[in-house]
file input00.txt (compact mmCIF, C-alpha atoms and all ligand atoms)
# COMPACT_ATOMS: atom_id res chain seq x y z
CA MET A 1 35.59 10.86 19.62
CA THR A 2 35.27 11.50 23.33
CA GLU A 3 32.36 13.27 24.99
CA GLY A 4 34.49 16.37 25.73
CA THR A 5 35.99 17.00 22.25
CA ASN A 6 35.17 20.47 20.86
CA CYS A 7 35.45 21.80 17.32
CA ARG A 8 38.71 23.80 17.13
CA LEU A 9 37.08 26.57 15.04
CA THR A 10 33.71 27.01 16.72
CA GLY A 11 34.26 25.54 20.15
CA VAL A 12 30.97 23.62 19.77
CA PRO A 13 31.13 20.05 21.21
CA LEU A 14 31.71 17.71 18.18
CA LEU A 15 29.50 14.94 19.48
CA SER A 16 26.48 17.22 19.65
CA PHE A 17 27.29 18.49 16.13
CA VAL A 18 27.28 14.91 14.78
CA LYS A 19 24.07 14.15 16.65
CA ASP A 20 22.41 17.25 15.15
CA GLN A 21 23.49 16.09 11.71
CA ASN A 22 21.99 12.66 12.36
CA VAL A 23 18.71 14.23 13.46
CA ALA A 24 18.62 16.41 10.33
CA ALA A 25 19.40 13.42 8.09
CA ILE A 26 16.61 11.35 9.61
CA ARG A 27 14.15 14.24 9.42
CA ASN A 28 15.04 14.52 5.74
CA LEU A 29 14.39 10.83 5.18
CA ALA A 30 11.16 10.80 7.14
CA GLY A 31 9.43 14.01 6.12
CA LEU A 32 6.33 13.40 4.01
CA ALA A 33 6.17 16.92 2.52
CA THR A 34 8.64 16.25 -0.27
CA PRO A 35 7.33 12.85 -1.46
CA MET A 36 3.80 14.21 -1.50
CA ALA A 37 4.78 17.51 -3.17
CA LEU A 38 6.43 15.55 -6.00
CA ARG A 39 3.36 13.37 -6.37
CA VAL A 40 0.95 16.30 -6.44
CA ALA A 41 3.20 18.14 -8.92
CA VAL A 42 3.16 15.16 -11.29
CA THR A 43 -0.57 14.57 -10.81
CA LEU A 44 -1.29 18.21 -11.68
CA GLY A 45 1.14 18.02 -14.60
CA LEU A 46 3.14 21.03 -13.34
CA PRO A 47 6.50 19.99 -14.86
CA ASP A 48 4.86 19.84 -18.31
CA LEU A 49 2.79 23.01 -17.82
CA LEU A 50 5.76 25.09 -16.68
CA ARG A 51 8.18 23.92 -19.33
CA GLY A 52 9.93 26.51 -21.48
CA ASP A 53 9.11 30.07 -20.42
CA GLY A 54 6.91 28.91 -17.54
CA ALA A 55 3.77 30.70 -16.32
CA GLY A 56 2.33 32.75 -13.49
CA VAL A 57 0.75 31.19 -10.42
CA ASP A 58 -2.71 32.73 -10.98
CA GLN A 59 -2.81 31.58 -14.59
CA VAL A 60 -1.81 28.00 -13.73
CA ALA A 61 -4.17 27.92 -10.74
CA ALA A 62 -7.06 29.01 -12.96
CA GLU A 63 -6.16 26.45 -15.61
CA LEU A 64 -5.99 23.63 -13.05
CA ASN A 65 -8.85 24.87 -10.92
CA VAL A 66 -6.77 24.84 -7.71
CA SER A 67 -6.16 27.36 -4.95
CA PRO A 68 -3.61 30.01 -6.07
CA VAL A 69 -2.37 30.48 -2.51
CA ALA A 70 -1.79 26.76 -2.00
CA LEU A 71 -0.26 26.39 -5.47
CA GLU A 72 2.25 29.11 -4.62
CA LEU A 73 3.24 27.15 -1.49
CA LEU A 74 3.66 23.98 -3.53
CA LEU A 75 5.74 25.75 -6.18
CA GLY A 76 7.86 27.31 -3.44
CA HIS A 77 8.77 23.86 -2.15
CA LEU A 78 9.34 22.54 -5.67
CA ALA A 79 11.73 25.46 -6.18
CA THR A 80 13.59 24.44 -3.01
CA LEU A 81 13.91 20.98 -4.52
CA GLY A 82 15.17 22.39 -7.82
CA ILE A 83 12.22 21.06 -9.83
CA VAL A 84 11.07 24.57 -10.82
CA GLU A 85 12.73 27.98 -10.61
CA HIS A 86 11.61 31.58 -10.53
CA ALA A 87 11.21 33.12 -14.00
CA PRO A 88 9.99 36.50 -15.31
CA THR A 89 6.61 34.85 -15.99
CA GLY A 90 6.38 33.27 -12.51
CA TYR A 91 7.84 29.75 -12.33
CA ARG A 92 9.38 27.50 -14.94
CA THR A 93 10.52 23.87 -14.93
CA THR A 94 14.27 23.41 -14.56
CA GLU A 95 16.34 20.99 -16.62
CA TYR A 96 16.31 18.66 -13.59
CA GLY A 97 12.52 19.06 -13.28
CA THR A 98 11.98 17.84 -16.86
CA THR A 99 12.80 14.37 -15.47
CA LEU A 100 9.20 14.51 -14.23
CA CYS A 101 7.67 15.44 -17.61
CA THR A 102 5.44 12.83 -19.21
CA ASP A 103 7.58 12.54 -22.32
CA ALA A 104 10.69 11.73 -20.24
CA ASP A 105 9.51 8.11 -20.61
CA ASN A 106 11.37 6.94 -17.50
CA GLY A 107 8.51 5.32 -15.54
CA LEU A 108 8.30 8.15 -12.99
CA THR A 109 4.86 9.33 -14.09
CA ASN A 110 3.33 5.92 -13.36
CA PHE A 111 5.15 5.73 -10.05
CA LEU A 112 4.15 9.18 -8.79
CA HIS A 113 0.81 10.11 -10.41
CA LEU A 114 -1.92 9.70 -7.82
CA GLY A 115 -4.44 8.74 -10.51
CA MET A 116 -2.34 5.91 -11.92
CA ALA A 117 -2.07 2.39 -10.55
CA GLY A 118 1.52 2.69 -9.30
CA GLY A 119 1.15 6.11 -7.71
CA ARG A 120 -2.16 5.21 -6.10
CA ALA A 121 -0.72 1.98 -4.72
CA GLU A 122 2.28 3.75 -3.16
CA ILE A 123 -0.04 5.77 -0.96
CA ALA A 124 -1.04 2.54 0.77
CA PHE A 125 2.28 3.02 2.63
CA VAL A 126 0.36 5.41 4.89
CA GLU A 127 -1.13 2.21 6.33
CA LEU A 128 2.22 0.45 6.86
CA MET A 129 1.51 0.19 10.58
CA HIS A 130 -1.52 -1.95 9.76
CA SER A 131 0.60 -4.23 7.55
CA VAL A 132 3.34 -4.62 10.10
CA THR A 133 0.83 -5.31 12.86
CA THR A 134 -1.21 -7.85 10.93
CA GLY A 135 1.21 -9.13 8.27
CA ARG A 136 -1.44 -8.29 5.68
CA GLY A 137 -1.68 -5.87 2.79
CA ALA A 138 -2.95 -2.35 3.42
CA TYR A 139 -4.31 -1.43 -0.01
CA SER A 140 -7.88 -2.52 0.72
CA ARG A 141 -7.82 -0.81 4.09
CA ARG A 142 -7.12 2.44 2.28
CA TYR A 143 -9.24 1.99 -0.85
CA GLY A 144 -12.01 -0.38 0.24
CA GLN A 145 -11.02 -3.21 -2.11
CA ASP A 146 -7.81 -4.94 -3.11
CA PHE A 147 -5.46 -3.81 -5.87
CA TRP A 148 -6.79 -6.25 -8.49
CA ALA A 149 -10.43 -5.43 -7.78
CA ASP A 150 -9.55 -1.74 -8.15
CA LEU A 151 -7.94 -2.44 -11.54
CA ALA A 152 -11.02 -4.40 -12.61
CA GLN A 153 -13.32 -1.54 -11.61
CA PHE A 154 -11.30 1.38 -12.99
CA GLY A 155 -10.12 0.85 -16.55
CA HIS A 156 -7.58 3.70 -16.43
CA LEU A 157 -5.79 1.99 -13.52
CA ARG A 158 -5.56 -1.24 -15.50
CA VAL A 159 -4.18 0.63 -18.53
CA SER A 160 -1.52 2.42 -16.48
CA PHE A 161 -0.53 -0.78 -14.63
CA ASP A 162 -0.08 -2.74 -17.87
CA GLN A 163 2.02 0.13 -19.24
CA GLN A 164 4.10 0.17 -16.08
CA MET A 165 4.70 -3.58 -16.32
CA THR A 166 5.76 -3.37 -19.96
CA HIS A 167 7.98 -0.37 -19.28
CA ARG A 168 9.84 -1.98 -16.34
CA PHE A 169 11.17 -4.80 -18.52
CA ARG A 170 11.94 -2.69 -21.56
CA ASP A 171 15.69 -2.83 -21.08
CA GLN A 172 15.83 -6.24 -19.41
CA ILE A 173 14.05 -8.44 -21.94
CA PRO A 174 17.25 -9.37 -23.84
CA GLN A 175 18.85 -10.55 -20.58
CA LEU A 176 15.75 -12.50 -19.57
CA VAL A 177 15.68 -14.23 -22.93
CA ALA A 178 19.41 -14.91 -23.21
CA GLY A 179 19.96 -15.93 -19.59
CA TYR A 180 18.09 -19.23 -19.66
CA ASP A 181 17.68 -22.24 -21.94
CA TRP A 182 14.08 -21.64 -23.03
CA ALA A 183 14.51 -23.77 -26.16
CA ARG A 184 14.14 -26.94 -24.04
CA PHE A 185 10.41 -26.25 -23.86
CA PRO A 186 8.39 -26.87 -27.02
CA MET A 187 5.33 -25.34 -25.30
CA ILE A 188 5.44 -22.70 -22.57
CA VAL A 189 2.44 -21.35 -20.64
CA ASP A 190 2.94 -17.80 -19.36
CA VAL A 191 0.70 -17.60 -16.30
CA GLY A 192 -0.33 -13.99 -15.62
CA GLY A 193 1.80 -12.97 -18.59
CA GLY A 194 0.55 -9.38 -18.79
CA HIS A 195 0.91 -7.79 -22.21
CA GLY A 196 3.15 -10.62 -23.34
CA THR A 197 6.35 -8.75 -24.16
CA LEU A 198 8.54 -11.38 -22.47
CA LEU A 199 6.80 -14.34 -24.09
CA ALA A 200 6.87 -12.60 -27.48
CA ALA A 201 10.64 -12.09 -27.16
CA ILE A 202 11.18 -15.73 -26.11
CA LEU A 203 9.15 -17.00 -29.08
CA ALA A 204 10.87 -14.61 -31.48
CA ALA A 205 14.26 -15.94 -30.34
CA HIS A 206 13.16 -19.60 -30.65
CA PRO A 207 11.10 -20.21 -33.79
CA GLN A 208 10.42 -23.86 -32.83
CA MET A 209 8.64 -22.90 -29.59
CA ARG A 210 4.95 -22.28 -29.01
CA GLY A 211 3.38 -20.25 -26.22
CA HIS A 212 0.09 -19.86 -24.38
CA LEU A 213 -0.49 -16.75 -22.28
CA LEU A 214 -3.16 -16.42 -19.63
CA ASP A 215 -4.20 -13.17 -17.99
CA LEU A 216 -7.32 -11.29 -17.01
CA GLU A 217 -9.20 -9.16 -19.51
CA PRO A 218 -8.50 -6.59 -20.88
CA THR A 219 -4.81 -7.39 -20.39
CA ALA A 220 -5.17 -10.64 -22.36
CA ALA A 221 -6.44 -8.66 -25.37
CA GLY A 222 -3.34 -6.46 -25.07
CA ALA A 223 -1.18 -9.60 -25.23
CA SER A 224 -2.86 -10.64 -28.50
CA ARG A 225 -1.89 -7.26 -29.95
CA THR A 226 1.71 -7.70 -28.75
CA PHE A 227 1.96 -11.13 -30.42
CA ARG A 228 0.66 -9.72 -33.71
CA THR A 229 3.11 -6.82 -33.53
CA HIS A 230 6.02 -9.18 -32.88
CA ASP A 231 4.92 -11.51 -35.65
CA VAL A 232 4.54 -14.54 -33.37
CA ALA A 233 0.73 -14.70 -33.26
CA ASP A 234 0.70 -17.99 -35.21
CA ARG A 235 2.61 -19.65 -32.33
CA ALA A 236 1.07 -17.79 -29.39
CA GLN A 237 -2.36 -18.51 -28.00
CA VAL A 238 -4.04 -16.19 -25.53
CA ALA A 239 -6.57 -17.17 -22.86
CA ALA A 240 -8.54 -14.65 -20.83
CA GLY A 241 -9.11 -16.03 -17.37
CA SER A 242 -7.89 -16.43 -13.82
CA PHE A 243 -4.88 -18.40 -12.64
CA PHE A 244 -6.97 -19.53 -9.69
CA ASP A 245 -8.96 -21.63 -12.18
CA PRO A 246 -7.60 -24.65 -14.11
CA LEU A 247 -4.79 -23.60 -16.48
CA PRO A 248 -4.21 -24.63 -20.10
CA GLU A 249 -2.95 -28.23 -19.85
CA GLY A 250 0.10 -30.07 -21.12
CA GLY A 251 2.66 -27.24 -21.14
CA ASP A 252 6.33 -28.15 -20.90
CA ALA A 253 6.94 -25.09 -18.72
CA TYR A 254 4.65 -22.87 -16.66
CA LEU A 255 6.19 -19.45 -16.31
CA LEU A 256 5.33 -17.29 -13.28
CA CYS A 257 7.11 -13.98 -13.78
CA ASP A 258 6.61 -11.54 -10.89
CA ILE A 259 3.44 -13.36 -9.89
CA LEU A 260 3.98 -15.13 -6.57
CA HIS A 261 5.35 -12.06 -4.76
CA ASP A 262 2.00 -10.35 -5.37
CA TRP A 263 0.25 -12.87 -3.15
CA ASP A 264 0.19 -14.17 0.40
CA ASP A 265 1.03 -17.82 1.02
CA GLU A 266 -2.56 -19.03 0.75
CA HIS A 267 -2.96 -17.60 -2.76
CA ALA A 268 0.59 -18.48 -3.83
CA HIS A 269 -0.24 -22.11 -2.91
CA GLN A 270 -3.35 -22.02 -5.10
CA ILE A 271 -1.39 -20.67 -8.10
CA LEU A 272 1.38 -23.26 -7.75
CA SER A 273 -1.19 -25.99 -7.34
CA ARG A 274 -2.84 -24.95 -10.63
CA CYS A 275 0.54 -25.06 -12.38
CA ALA A 276 1.43 -28.48 -10.95
CA GLU A 277 -1.89 -30.04 -11.91
CA ALA A 278 -1.80 -28.66 -15.48
CA ALA A 279 1.86 -29.40 -16.26
CA HIS A 280 3.02 -32.23 -18.49
CA PRO A 281 4.47 -35.03 -16.25
CA THR A 282 7.98 -33.95 -17.24
CA GLY A 283 7.00 -30.29 -17.19
CA ARG A 284 8.68 -27.52 -15.24
CA VAL A 285 7.44 -24.55 -13.27
CA VAL A 286 9.72 -21.57 -13.86
CA VAL A 287 9.53 -18.68 -11.41
CA ILE A 288 11.19 -15.33 -12.17
CA GLU A 289 11.18 -12.88 -9.27
CA PRO A 290 13.35 -10.80 -6.99
CA VAL A 291 14.43 -13.32 -4.35
CA GLY A 292 14.76 -12.17 -0.75
CA GLY A 293 18.37 -11.91 0.44
CA ARG A 294 19.63 -12.40 -3.11
CA ARG A 295 18.09 -10.18 -5.78
CA ALA A 296 15.50 -8.15 -3.88
CA ASN A 297 15.74 -4.70 -2.34
CA THR A 298 14.20 -4.00 1.01
CA GLU A 299 12.06 -1.10 -0.20
CA PHE A 300 10.41 -3.24 -2.86
CA ASP A 301 9.91 -5.97 -0.29
CA LEU A 302 7.87 -3.59 1.88
CA ALA A 303 5.94 -2.40 -1.17
CA MET A 304 4.87 -5.98 -1.93
CA LEU A 305 3.66 -6.35 1.63
CA VAL A 306 1.74 -3.09 1.78
CA ILE A 307 0.18 -3.23 -1.67
CA PHE A 308 -0.50 -6.94 -2.05
CA GLY A 309 0.08 -8.66 1.27
CA GLY A 310 2.89 -10.48 -0.56
CA ARG A 311 6.67 -10.40 -0.20
CA GLU A 312 9.97 -11.24 -1.84
CA ARG A 313 10.35 -14.81 -0.63
CA ARG A 314 13.67 -16.40 0.17
CA ILE A 315 14.86 -19.56 -1.56
CA GLU A 316 13.85 -21.75 1.38
CA GLU A 317 10.36 -20.23 1.42
CA PHE A 318 9.94 -20.99 -2.27
CA ARG A 319 11.18 -24.52 -1.68
CA THR A 320 8.67 -25.10 1.11
CA LEU A 321 5.81 -23.51 -0.80
CA ALA A 322 6.45 -25.61 -3.90
CA ARG A 323 7.06 -28.88 -2.06
CA ALA A 324 3.41 -28.87 -0.94
CA HIS A 325 2.48 -29.32 -4.62
CA GLY A 326 4.99 -32.02 -5.46
CA LEU A 327 7.41 -29.51 -6.97
CA ALA A 328 11.13 -29.81 -6.26
CA LEU A 329 13.53 -26.93 -6.73
CA ASP A 330 16.09 -27.96 -9.34
CA ALA A 331 18.06 -24.84 -10.15
CA VAL A 332 18.44 -21.17 -9.25
CA THR A 333 19.94 -18.69 -11.70
CA ASP A 334 20.70 -15.00 -11.08
CA LEU A 335 19.06 -13.75 -14.23
CA THR A 336 19.41 -9.95 -13.89
CA ASP A 337 20.62 -7.67 -11.13
CA GLN A 338 17.03 -7.62 -9.82
CA ARG A 339 15.65 -11.07 -10.54
CA CYS A 340 16.42 -14.76 -10.09
CA LEU A 341 14.98 -17.68 -12.00
CA LEU A 342 13.92 -20.75 -10.03
CA GLU A 343 13.22 -23.95 -11.90
CA PHE A 344 10.99 -26.58 -10.31
CA ARG A 345 10.20 -30.08 -11.56
CA LEU A 346 7.42 -32.39 -10.54
CA ALA A 347 9.13 -34.36 -7.78
CA ALA A 348 8.30 -37.75 -9.29
CA THR A 349 10.31 -36.91 -12.44
CA ARG A 350 14.00 -36.27 -13.12
C1 LIG B 1 3.17 -8.04 -11.72
S1 LIG B 1 2.23 -8.37 -13.14
C2 LIG B 1 3.36 -9.38 -14.06
C3 LIG B 1 2.98 -9.51 -15.49
C4 LIG B 1 3.95 -10.33 -16.34
N1 LIG B 1 4.12 -11.67 -15.86
C5 LIG B 1 5.29 -9.63 -16.39
O1 LIG B 1 6.23 -10.09 -15.75
O2 LIG B 1 5.35 -8.59 -17.04
C6 LIG B 1 1.03 -9.52 -12.53
C7 LIG B 1 0.07 -10.00 -13.57
O3 LIG B 1 -0.83 -10.93 -12.95
C8 LIG B 1 -2.09 -10.74 -13.53
N2 LIG B 1 -3.13 -11.26 -12.64
C9 LIG B 1 -3.53 -10.79 -11.44
N3 LIG B 1 -4.50 -11.57 -10.95
C10 LIG B 1 -4.73 -12.53 -11.86
C11 LIG B 1 -5.60 -13.66 -11.92
N4 LIG B 1 -6.45 -13.92 -10.92
N5 LIG B 1 -5.55 -14.45 -13.01
C12 LIG B 1 -4.69 -14.18 -14.03
N6 LIG B 1 -3.84 -13.15 -14.03
C13 LIG B 1 -3.86 -12.34 -12.95
C14 LIG B 1 -2.18 -9.25 -13.70
O4 LIG B 1 -3.20 -8.89 -14.60
C15 LIG B 1 -0.78 -8.92 -14.19
O5 LIG B 1 -0.69 -8.96 -15.57

call {"tool": "encode", "arguments": {"input": "input00.txt", "output": "C-alpha cells", "more": "lines below"}}
Ligand SMILES: C[S@@+](CC[C@H](N)C(=O)[O-])C[C@H]1O[C@@H](n2cnc3c(N)ncnc32)[C@H](O)[C@@H]1O
result
Amino acid sequence: MTEGTNCRLTGVPLLSFVKDQNVAAIRNLAGLATPMALRVAVTLGLPDLLRGDGAGVDQVAAELNVSPVALELLLGHLATLGIVEHAPTGYRTTEYGTTLCTDADNGLTNFLHLGMAGGRAEIAFVELMHSVTTGRGAYSRRYGQDFWADLAQFGHLRVSFDQQMTHRFRDQIPQLVAGYDWARFPMIVDVGGGHGTLLAAILAAHPQMRGHLLDLEPTAAGASRTFRTHDVADRAQVAAGSFFDPLPEGGDAYLLCDILHDWDDEHAHQILSRCAEAAHPTGRVVVIEPVGGRRANTEFDLAMLVIFGGRERRIEEFRTLARAHGLALDAVTDLTDQRCLLEFRLAATR
C-alpha cells in the first residue's frame, strides 16, 4: 500500500485507517480497566449473585457493602463485555458470564479472585518494571513477603493454591502417567509433590512401585488424604518438610514437577543439590516443566518471573544447572502440549 492510497468509498487515506486500527488494537490489549473489572466482579461474586433473574444495583450494593454508584459503573462495563445484561430487575448474568461462576469449575475463580493465591499473585504484574529492571520477582515488593511466606501466613491462600495445582492437572494426569516409563523406578520421591495427585496416579498404575512425597505443611497432610482416597497409602509415605533440607534418601527417582521454574538459579541449585545427594547411585532426577522455546508460553514465562523470580528455563540452562551437581541430562520427552520431561542421571553412572 502506498502512502497516497485512499479508500474508494470514504476517500480516507488507507494507511491512516490501518494505523488507527493498530492503535485501537494495542489500546485494547493494554487497557487495565477490563482485566481489573473482571477480577473485581469475580472477587465480589457478581456472576453468581446476578444469575437467573438478576437483581437491582442498590440491593446488590447493600448486600456487598459497596458503593452503589461505583457498582453501577462496574456493571456498565461488565455489560459492555457481555458478562451481564440489563434485565427488568436491574442486571443479570449472561450465559457467557456464567463462565465466571464458582460452580463453572474451570479454574477461572482461582486465577481472578483477588483473595485467592492465583488472583493475588497476578497483581504482582503491576510491578513488572521492577522485575525487568532487576531480574527479580516482584511479589514481595508488592506484598512485603514472598509468595511462599504469604501462603504460610494466610491459610486460605494455601488452600486455594493447592486447589489450583490439583485442578490444573486434572485432565493431564493420564498423559503424564502414560507418557513415561515410571515402572523402572521401584521407589520414587516426589519433591514438592503438592497434594499428591500425580504420584497417586503413578502408583495406582504401577502396583510394584512405592512413593515418598515431601511438601510443606499443611499441603503434606493433604497428600496423605489423597493417597488414602486413591487406595495407595500402603505404598506412599509422606514427609512434611522443606526441599532445602536433606531429602528422603535412596530413591530411584527424584521427581521435580513444576518446581524449578518457581525459583531463581541460586535456589534451583540448592534443590538439585539436595536431590543429587539423596539419590541412589544409579538414581535419576526427573524434571517435568514447561521448557523455554519448546513447551512454554511467553505469558507464563513472565508470570514465573514476576511472581517467583523464576522462569521457564531452556534445555541448555537445565543442562548447565544440573551439571554443577554431577547430573547429566540423558533424555528429553515432550510429555504434554505444555510440559517436557527431562531425565538426569548422576554423571558417574550409566
Ligand atoms: C507449583 S507447585 C507444584 C506441586 C506439584 N509438584 C505438582 O506438580 O502439582 C510447587 C510446590 O512446591 C511446594 N514447595 C514450595 N516451597 C517448598 C519447600 N521449601 N519445601 C517443600 N515444598 C515446597 C509447594 O508447597 C507446592 O506444593

call {"tool": "atom_distance", "arguments": {"input": "input00.txt", "atom1": "CA of Ala268 (chain A)", "atom2": "CA of Leu198 (chain A)"}}
result
21.5 Å

call {"tool": "closest_atom_pairs", "arguments": {"input": "input00.txt", "of": "chain A", "to": "ligand LIG 1 (chain B)", "cutoff": "9 Å", "atoms": "all atoms listed in the file", "output": "Markdown table"}}
result
| residue | atom | partner | partner_atom | distance |
| --- | --- | --- | --- | --- |
| A:Trp148 | CA | B:LIG1 | N3 | 6.3 |
| A:Leu151 | CA | B:LIG1 | O4 | 8.6 |
| A:Arg158 | CA | B:LIG1 | O4 | 8.1 |
| A:Phe161 | CA | B:LIG1 | C15 | 8.2 |
| A:Asp162 | CA | B:LIG1 | O5 | 6.7 |
| A:Gln164 | CA | B:LIG1 | O2 | 8.9 |
| A:Met165 | CA | B:LIG1 | O2 | 5.1 |
| A:Thr166 | CA | B:LIG1 | O2 | 6.0 |
| A:His167 | CA | B:LIG1 | O2 | 8.9 |
| A:Arg168 | CA | B:LIG1 | O2 | 8.0 |
| A:Phe169 | CA | B:LIG1 | O2 | 7.1 |
| A:Asp190 | CA | B:LIG1 | N1 | 7.2 |
| A:Val191 | CA | B:LIG1 | N6 | 6.8 |
| A:Gly192 | CA | B:LIG1 | N6 | 3.9 |
| A:Gly193 | CA | B:LIG1 | N1 | 3.8 |
| A:Gly194 | CA | B:LIG1 | O5 | 3.5 |
| A:His195 | CA | B:LIG1 | O2 | 6.9 |
| A:Gly196 | CA | B:LIG1 | O2 | 7.0 |
| A:Thr197 | CA | B:LIG1 | O2 | 7.2 |
| A:Leu198 | CA | B:LIG1 | O2 | 6.9 |
| A:Leu214 | CA | B:LIG1 | C12 | 6.2 |
| A:Asp215 | CA | B:LIG1 | N6 | 4.0 |
| A:Leu216 | CA | B:LIG1 | C12 | 4.9 |
| A:Glu217 | CA | B:LIG1 | O4 | 7.8 |
| A:Pro218 | CA | B:LIG1 | O4 | 8.5 |
| A:Thr219 | CA | B:LIG1 | O4 | 6.2 |
| A:Ala220 | CA | B:LIG1 | O4 | 8.2 |
| A:Ala240 | CA | B:LIG1 | C12 | 7.8 |
| A:Gly241 | CA | B:LIG1 | C12 | 5.8 |
| A:Ser242 | CA | B:LIG1 | N5 | 3.2 |
| A:Phe243 | CA | B:LIG1 | N5 | 4.0 |
| A:Phe244 | CA | B:LIG1 | N4 | 5.8 |
| A:Asp245 | CA | B:LIG1 | N5 | 8.0 |
| A:Leu255 | CA | B:LIG1 | N1 | 8.1 |
| A:Leu256 | CA | B:LIG1 | N1 | 6.3 |
| A:Cys257 | CA | B:LIG1 | N1 | 4.3 |
| A:Asp258 | CA | B:LIG1 | C1 | 5.0 |
| A:Ile259 | CA | B:LIG1 | C6 | 5.2 |
| A:Leu260 | CA | B:LIG1 | C6 | 8.7 |
| A:His261 | CA | B:LIG1 | C1 | 8.3 |
| A:Asp262 | CA | B:LIG1 | C1 | 6.9 |
| A:Ile271 | CA | B:LIG1 | N4 | 8.9 |
| A:Ile288 | CA | B:LIG1 | O1 | 8.1 |
| A:Glu289 | CA | B:LIG1 | O1 | 8.6 |

call {"tool": "atom_distance", "arguments": {"input": "input00.txt", "atom1": "CA of Val306 (chain A)", "atom2": "CA of His130 (chain A)"}}
result
8.7 Å

call {"tool": "atom_distance", "arguments": {"input": "input00.txt", "atom1": "CA of Ser131 (chain A)", "atom2": "CA of Phe318 (chain A)"}}
result
21.6 Å

call {"tool": "closest_residue", "arguments": {"input": "input00.txt", "among": "A:Val23, A:Ile83, A:Leu346, A:Val159", "to": "Ala324 (chain A)", "atoms": "only C-alpha atoms"}}
result
A:Leu346

call {"tool": "closest_residue", "arguments": {"input": "input00.txt", "among": "A:Ser67, A:Gln21, A:Gln163, A:Ser224", "to": "Phe111 (chain A)", "atoms": "only C-alpha atoms"}}
result
A:Gln163

call {"tool": "closest_residue", "arguments": {"input": "input00.txt", "among": "A:Phe308, A:Phe227, A:Ala201, A:Asp103", "to": "Gln172 (chain A)", "atoms": "all atoms listed in the file"}}
result
A:Ala201

call {"tool": "decode", "arguments": {"input": "input00.txt", "residues": "region 255-300 of chain A", "atoms": "C-alpha atoms", "output": "JSON list (two decimals), in the first residue's frame"}}
result
[["chain", "number", "residue", "atom", "x", "y", "z"],
["A", 255, "LEU", "CA", 10.63, -36.08, 40.73],
["A", 256, "LEU", "CA", 10.55, -32.28, 40.46],
["A", 257, "CYS", "CA", 7.26, -31.39, 38.80],
["A", 258, "ASP", "CA", 6.81, -27.64, 38.23],
["A", 259, "ILE", "CA", 9.32, -26.92, 40.99],
["A", 260, "LEU", "CA", 12.48, -25.44, 39.47],
["A", 261, "HIS", "CA", 10.66, -22.75, 37.46],
["A", 262, "ASP", "CA", 9.39, -21.30, 40.76],
["A", 263, "TRP", "CA", 12.92, -20.42, 41.79],
["A", 264, "ASP", "CA", 15.89, -18.33, 40.75],
["A", 265, "ASP", "CA", 19.16, -20.08, 39.91],
["A", 266, "GLU", "CA", 20.54, -19.88, 43.44],
["A", 267, "HIS", "CA", 17.55, -21.75, 44.90],
["A", 268, "ALA", "CA", 17.22, -24.11, 41.93],
["A", 269, "HIS", "CA", 20.85, -25.12, 42.57],
["A", 270, "GLN", "CA", 20.07, -25.88, 46.21],
["A", 271, "ILE", "CA", 17.08, -28.07, 45.28],
["A", 272, "LEU", "CA", 19.03, -30.03, 42.66],
["A", 273, "SER", "CA", 21.90, -30.44, 45.07],
["A", 274, "ARG", "CA", 19.53, -31.97, 47.65],
["A", 275, "CYS", "CA", 18.22, -34.39, 45.03],
["A", 276, "ALA", "CA", 21.71, -35.40, 43.87],
["A", 277, "GLU", "CA", 22.98, -36.03, 47.38],
["A", 278, "ALA", "CA", 19.93, -38.11, 48.40],
["A", 279, "ALA", "CA", 19.61, -40.19, 45.23],
["A", 280, "HIS", "CA", 20.64, -43.83, 44.98],
["A", 281, "PRO", "CA", 23.96, -44.02, 43.00],
["A", 282, "THR", "CA", 22.03, -45.25, 39.95],
["A", 283, "GLY", "CA", 19.13, -42.92, 40.71],
["A", 284, "ARG", "CA", 17.60, -40.38, 38.37],
["A", 285, "VAL", "CA", 16.33, -36.84, 38.77],
["A", 286, "VAL", "CA", 13.19, -36.36, 36.69],
["A", 287, "VAL", "CA", 12.10, -32.80, 35.95],
["A", 288, "ILE", "CA", 8.66, -32.06, 34.49],
["A", 289, "GLU", "CA", 8.14, -28.44, 33.45],
["A", 290, "PRO", "CA", 7.29, -26.16, 30.57],
["A", 291, "VAL", "CA", 10.63, -25.78, 28.80],
["A", 292, "GLY", "CA", 11.52, -22.43, 27.27],
["A", 293, "GLY", "CA", 11.42, -22.41, 23.46],
["A", 294, "ARG", "CA", 9.77, -25.83, 23.45],
["A", 295, "ARG", "CA", 6.73, -26.26, 25.68],
["A", 296, "ALA", "CA", 6.39, -22.90, 27.42],
["A", 297, "ASN", "CA", 4.28, -19.89, 26.54],
["A", 298, "THR", "CA", 5.69, -16.42, 26.89],
["A", 299, "GLU", "CA", 2.92, -15.16, 29.17],
["A", 300, "PHE", "CA", 3.55, -17.93, 31.68]]
